[in-house]
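Colleague: If it helps, the file is called work02.txt and holds compact mmCIF, N, CA and C atoms:
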# COMPACT_ATOMS: atom_id res chain seq x y z
N MET A 1 45.95 55.07 69.76
CA MET A 1 46.23 55.38 71.15
C MET A 1 47.75 55.52 71.34
N PRO A 2 48.17 56.61 71.96
CA PRO A 2 49.61 56.78 72.16
C PRO A 2 50.18 55.75 73.13
N GLY A 3 51.39 55.35 72.87
CA GLY A 3 52.03 54.36 73.73
C GLY A 3 53.03 54.99 74.68
N TRP A 4 53.71 54.13 75.39
CA TRP A 4 54.66 54.56 76.42
C TRP A 4 55.78 55.42 75.83
N ARG A 5 56.12 55.17 74.57
CA ARG A 5 57.24 55.89 73.96
C ARG A 5 56.98 57.40 73.90
N GLU A 6 55.72 57.78 73.71
CA GLU A 6 55.36 59.20 73.70
C GLU A 6 55.71 59.85 75.05
N GLN A 7 55.39 59.17 76.14
CA GLN A 7 55.72 59.70 77.46
C GLN A 7 57.22 59.68 77.71
N TYR A 8 57.89 58.66 77.23
CA TYR A 8 59.35 58.60 77.36
C TYR A 8 60.00 59.79 76.66
N ASP A 9 59.57 60.07 75.44
CA ASP A 9 60.12 61.20 74.69
C ASP A 9 59.84 62.52 75.41
N ARG A 10 58.64 62.64 75.99
CA ARG A 10 58.30 63.84 76.75
C ARG A 10 59.22 63.98 77.96
N THR A 11 59.48 62.88 78.62
CA THR A 11 60.36 62.89 79.78
C THR A 11 61.77 63.32 79.39
N VAL A 12 62.24 62.87 78.26
CA VAL A 12 63.56 63.27 77.76
C VAL A 12 63.59 64.78 77.52
N ARG A 13 62.53 65.32 76.93
CA ARG A 13 62.49 66.77 76.70
C ARG A 13 62.52 67.53 78.03
N TRP A 14 61.78 67.06 79.01
CA TRP A 14 61.81 67.72 80.32
C TRP A 14 63.18 67.58 80.97
N PHE A 15 63.84 66.44 80.78
CA PHE A 15 65.18 66.27 81.31
C PHE A 15 66.14 67.28 80.67
N ASP A 16 66.00 67.49 79.38
CA ASP A 16 66.85 68.48 78.71
C ASP A 16 66.65 69.86 79.31
N ARG A 17 65.41 70.24 79.57
CA ARG A 17 65.15 71.53 80.21
C ARG A 17 65.75 71.58 81.61
N PHE A 18 65.59 70.49 82.34
CA PHE A 18 66.11 70.39 83.70
C PHE A 18 67.63 70.57 83.72
N THR A 19 68.32 69.89 82.83
CA THR A 19 69.78 69.98 82.82
C THR A 19 70.27 71.34 82.34
N GLU A 20 69.50 72.00 81.49
CA GLU A 20 69.88 73.35 81.05
C GLU A 20 69.97 74.33 82.22
N LEU A 21 69.22 74.07 83.27
CA LEU A 21 69.23 74.97 84.43
C LEU A 21 70.61 75.05 85.08
N THR A 22 71.37 73.98 84.97
CA THR A 22 72.70 73.97 85.59
C THR A 22 73.83 74.13 84.58
N LEU A 23 73.49 74.26 83.31
CA LEU A 23 74.52 74.34 82.26
C LEU A 23 74.63 75.74 81.66
N GLY A 24 74.25 76.74 82.41
CA GLY A 24 74.42 78.10 81.93
C GLY A 24 73.23 78.69 81.23
N ARG A 25 72.07 78.05 81.31
CA ARG A 25 70.86 78.63 80.72
C ARG A 25 70.61 80.00 81.34
N ARG A 26 70.40 80.97 80.52
CA ARG A 26 70.15 82.32 81.01
C ARG A 26 68.81 82.35 81.74
N HIS A 27 68.81 82.83 82.94
CA HIS A 27 67.60 82.86 83.76
C HIS A 27 66.89 84.19 83.52
N VAL A 28 65.82 84.13 82.76
CA VAL A 28 65.08 85.33 82.40
C VAL A 28 63.66 85.35 82.97
N SER A 29 63.27 84.28 83.63
CA SER A 29 61.94 84.18 84.23
C SER A 29 62.05 84.23 85.74
N VAL A 30 60.91 84.34 86.39
CA VAL A 30 60.91 84.28 87.84
C VAL A 30 61.33 82.88 88.27
N SER A 31 61.92 82.76 89.44
CA SER A 31 62.48 81.48 89.86
C SER A 31 61.42 80.38 89.96
N ASP A 32 60.17 80.73 90.22
CA ASP A 32 59.12 79.71 90.28
C ASP A 32 58.98 78.95 88.95
N SER A 33 59.26 79.60 87.85
CA SER A 33 59.20 78.94 86.55
C SER A 33 60.21 77.80 86.46
N TYR A 34 61.39 78.02 86.99
CA TYR A 34 62.43 77.00 86.94
C TYR A 34 62.11 75.87 87.92
N ILE A 35 61.54 76.21 89.04
CA ILE A 35 61.10 75.18 89.99
C ILE A 35 60.02 74.33 89.35
N ASP A 36 59.11 74.97 88.61
CA ASP A 36 58.08 74.22 87.88
C ASP A 36 58.69 73.25 86.89
N ASP A 37 59.76 73.66 86.20
CA ASP A 37 60.44 72.77 85.26
C ASP A 37 61.00 71.55 85.98
N ILE A 38 61.55 71.76 87.15
CA ILE A 38 62.11 70.65 87.93
C ILE A 38 61.02 69.68 88.34
N TYR A 39 59.93 70.21 88.90
CA TYR A 39 58.81 69.34 89.28
C TYR A 39 58.24 68.60 88.08
N ALA A 40 58.10 69.29 86.96
CA ALA A 40 57.53 68.67 85.76
C ALA A 40 58.39 67.50 85.30
N PHE A 41 59.71 67.66 85.35
CA PHE A 41 60.58 66.54 84.96
C PHE A 41 60.33 65.32 85.84
N PHE A 42 60.34 65.52 87.15
CA PHE A 42 60.18 64.39 88.05
C PHE A 42 58.79 63.77 87.97
N GLN A 43 57.77 64.58 87.76
CA GLN A 43 56.42 64.04 87.60
C GLN A 43 56.32 63.20 86.33
N ASN A 44 56.87 63.72 85.23
CA ASN A 44 56.84 62.97 83.99
C ASN A 44 57.66 61.70 84.07
N CYS A 45 58.78 61.77 84.76
CA CYS A 45 59.62 60.60 84.95
C CYS A 45 58.87 59.51 85.71
N TYR A 46 58.25 59.89 86.80
CA TYR A 46 57.51 58.93 87.61
C TYR A 46 56.32 58.34 86.84
N HIS A 47 55.59 59.17 86.12
CA HIS A 47 54.39 58.69 85.44
C HIS A 47 54.66 57.90 84.17
N LEU A 48 55.92 57.82 83.78
CA LEU A 48 56.26 56.93 82.68
C LEU A 48 55.81 55.51 83.01
N LYS A 49 55.89 55.14 84.28
CA LYS A 49 55.45 53.79 84.68
C LYS A 49 53.98 53.57 84.39
N ASP A 50 53.15 54.61 84.55
CA ASP A 50 51.73 54.46 84.26
C ASP A 50 51.50 54.21 82.78
N TRP A 51 52.29 54.89 81.95
CA TRP A 51 52.17 54.69 80.52
C TRP A 51 52.59 53.27 80.15
N ILE A 52 53.64 52.78 80.79
CA ILE A 52 54.09 51.41 80.53
C ILE A 52 53.03 50.42 80.99
N LYS A 53 52.49 50.63 82.18
CA LYS A 53 51.48 49.71 82.73
C LYS A 53 50.20 49.68 81.90
N ASN A 54 49.89 50.76 81.22
CA ASN A 54 48.64 50.85 80.48
C ASN A 54 48.79 50.70 78.97
N ASP A 55 49.97 50.35 78.53
CA ASP A 55 50.20 50.18 77.09
C ASP A 55 49.91 48.73 76.71
N PRO A 56 48.81 48.48 76.02
CA PRO A 56 48.45 47.09 75.67
C PRO A 56 49.42 46.45 74.69
N ALA A 57 50.26 47.25 74.05
CA ALA A 57 51.22 46.69 73.10
C ALA A 57 52.40 46.01 73.80
N LEU A 58 52.57 46.29 75.08
CA LEU A 58 53.67 45.68 75.84
C LEU A 58 53.22 44.37 76.47
N PRO A 59 54.17 43.45 76.67
CA PRO A 59 53.82 42.19 77.32
C PRO A 59 53.31 42.44 78.74
N SER A 60 52.37 41.65 79.18
CA SER A 60 51.80 41.84 80.52
C SER A 60 52.86 41.68 81.60
N THR A 61 53.88 40.88 81.36
CA THR A 61 54.94 40.72 82.36
C THR A 61 55.67 42.03 82.60
N MET A 62 55.89 42.79 81.54
CA MET A 62 56.57 44.08 81.68
C MET A 62 55.69 45.05 82.45
N ARG A 63 54.41 45.02 82.19
CA ARG A 63 53.48 45.93 82.87
C ARG A 63 53.44 45.63 84.36
N VAL A 64 53.63 44.38 84.73
CA VAL A 64 53.65 44.00 86.15
C VAL A 64 55.00 44.36 86.77
N GLN A 65 56.07 44.14 86.06
CA GLN A 65 57.41 44.37 86.58
C GLN A 65 57.74 45.83 86.82
N VAL A 66 57.11 46.74 86.10
CA VAL A 66 57.49 48.14 86.20
C VAL A 66 57.24 48.70 87.60
N GLU A 67 56.15 48.32 88.23
CA GLU A 67 55.85 48.81 89.58
C GLU A 67 56.91 48.33 90.57
N SER A 68 57.30 47.09 90.46
CA SER A 68 58.34 46.54 91.33
C SER A 68 59.66 47.27 91.10
N TYR A 69 59.98 47.53 89.84
CA TYR A 69 61.22 48.24 89.51
C TYR A 69 61.24 49.63 90.15
N ILE A 70 60.14 50.35 90.03
CA ILE A 70 60.03 51.69 90.62
C ILE A 70 60.26 51.62 92.12
N ASN A 71 59.62 50.67 92.77
CA ASN A 71 59.72 50.56 94.23
C ASN A 71 61.12 50.17 94.70
N GLN A 72 61.90 49.54 93.85
CA GLN A 72 63.25 49.13 94.22
C GLN A 72 64.29 50.23 94.00
N LYS A 73 63.94 51.25 93.25
CA LYS A 73 64.88 52.33 92.93
C LYS A 73 64.57 53.54 93.79
N ARG A 74 65.51 53.90 94.63
CA ARG A 74 65.32 55.02 95.55
C ARG A 74 64.95 56.31 94.82
N GLU A 75 65.66 56.59 93.74
CA GLU A 75 65.42 57.82 92.99
C GLU A 75 64.00 57.90 92.46
N LEU A 76 63.52 56.78 91.94
CA LEU A 76 62.17 56.77 91.39
C LEU A 76 61.12 56.76 92.48
N SER A 77 61.42 56.15 93.61
CA SER A 77 60.49 56.21 94.75
C SER A 77 60.34 57.62 95.26
N ILE A 78 61.43 58.38 95.22
CA ILE A 78 61.37 59.78 95.65
C ILE A 78 60.46 60.57 94.71
N CYS A 79 60.50 60.25 93.43
CA CYS A 79 59.63 60.93 92.46
C CYS A 79 58.15 60.73 92.81
N ALA A 80 57.85 59.59 93.39
CA ALA A 80 56.45 59.30 93.76
C ALA A 80 55.98 60.30 94.78
Is it possible to give me this structure as structure tokens?
Modeller:
Amino acid sequence: MPGWREQYDRTVRWFDRFTELTLGRRHVSVSDSYIDDIYAFFQNCYHLKDWIKNDPALPSTMRVQVESYINQKRELSICA
């Protein structure tokens, strides 16, 4: 069963795509494609908490703390 690290790595890849949008990436697709990339990054970022909460390899305290952490961070709450 894949663990939280798989989702973390996916989130990093989406972040790389997201940052390329402002670093001179040549825009060759319709603008909706780039908007999709932005949404995908934030969705994957937010759902990392679900992977953490459902990973039996992690201590139960961490699985409980992640929801509280998300709720305390404005940026992550916006992702919700």
Colleague: For stretch 22-38 of chain A, work out the shell of residues within 12 Å, counting only C-alpha atoms and skipping chain neighbours fewer than 6 positions away, then give it as a list in words.
Modeller: Thr11, Arg13, Trp14, Phe15, Asp16, Asn44, Cys45 and Cys79 of chain A
Colleague: Which residues, written as a ChimeraX atom specification, have at least one atom at most 8 Å from stretch 64-72 of chain A, with only N, CA and C atoms counted and residues fewer than 4 positions away on the same chain left out?
Modeller: /A:49-50,52-53,59-60,76-78
Colleague: Excluding A:Asn54 and its own-chain neighbours fewer than 3 positions away, which residues fall within 9 Å of it when counting only C-alpha atoms? Please give them as a PyMOL selection string.
Modeller: chain A and resi 3-4+49-51+57-58+63
Colleague: Once you have the residues from the selection above, write them out as a CSV table (one decimal), in the coordinates of the input, restricted to N, CA and C atoms.
Modeller:
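The new file result27.csv reads:
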chain,number,residue,atom,x,y,z
A,3,GLY,N,51.4,55.4,72.9
A,3,GLY,CA,52.0,54.4,73.7
A,3,GLY,C,53.0,55.0,74.7
A,4,TRP,N,53.7,54.1,75.4
A,4,TRP,CA,54.7,54.6,76.4
A,4,TRP,C,55.8,55.4,75.8
A,49,LYS,N,55.9,55.1,84.3
A,49,LYS,CA,55.4,53.8,84.7
A,49,LYS,C,54.0,53.6,84.4
A,50,ASP,N,53.2,54.6,84.6
A,50,ASP,CA,51.7,54.5,84.3
A,50,ASP,C,51.5,54.2,82.8
A,51,TRP,N,52.3,54.9,82.0
A,51,TRP,CA,52.2,54.7,80.5
A,51,TRP,C,52.6,53.3,80.2
A,57,ALA,N,50.3,47.2,74.0
A,57,ALA,CA,51.2,46.7,73.1
A,57,ALA,C,52.4,46.0,73.8
A,58,LEU,N,52.6,46.3,75.1
A,58,LEU,CA,53.7,45.7,75.8
A,58,LEU,C,53.2,44.4,76.5
A,63,ARG,N,54.4,45.0,82.2
A,63,ARG,CA,53.5,45.9,82.9
A,63,ARG,C,53.4,45.6,84.4
Colleague: Do you have the atom CA of A:Pro56-atom CA of A:Arg74 distance handy?
Modeller: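 Rounded to one decimal, the two atoms are 27.3 Å apart.
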Colleague: Using DSSP secondary structure from the backbone, list all helix (DSSP H, G or I) positions within chain A, as an NGL selection string.
Modeller: :A and (4-20 or 31-53 or 60-72 or 74-79)
Colleague: Around stretch 37-40 of chain A, fit a box with edges along x, y and z, padding it by 8 Å on each side, then list its centre and edge lengths in Å to one decimal as AutoDock Vina command-line options.
Modeller:
--center_x 59.8 --center_y 70.6 --center_z 87.3 --size_x 20.6 --size_y 22.2 --size_z 20.0
Colleague: So the first atom is atom C of A:Lys73 and the second is atom C of A:Leu21; what is the distance between them in Å, to one decimal place?
Modeller: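 Atom-to-atom, atom C of A:Lys73 and atom C of A:Leu21 are spaced 24.0 Å apart.
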Colleague: Quote the spacing between atom CA of A:Arg17 and atom CA of A:Phe42 in Å to one decimal place.
Modeller: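 Pair atom CA of A:Arg17 / atom CA of A:Phe42 returns 11.7 Å.
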Colleague: A:Thr19, A:Asp55, A:Ala80, A:Arg5: which is nearest A:Gln43, counting only C-alpha atoms?
Modeller: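 Nearest candidate to A:Gln43 out of A:Thr19, A:Asp55, A:Ala80, A:Arg5: A:Ala80.
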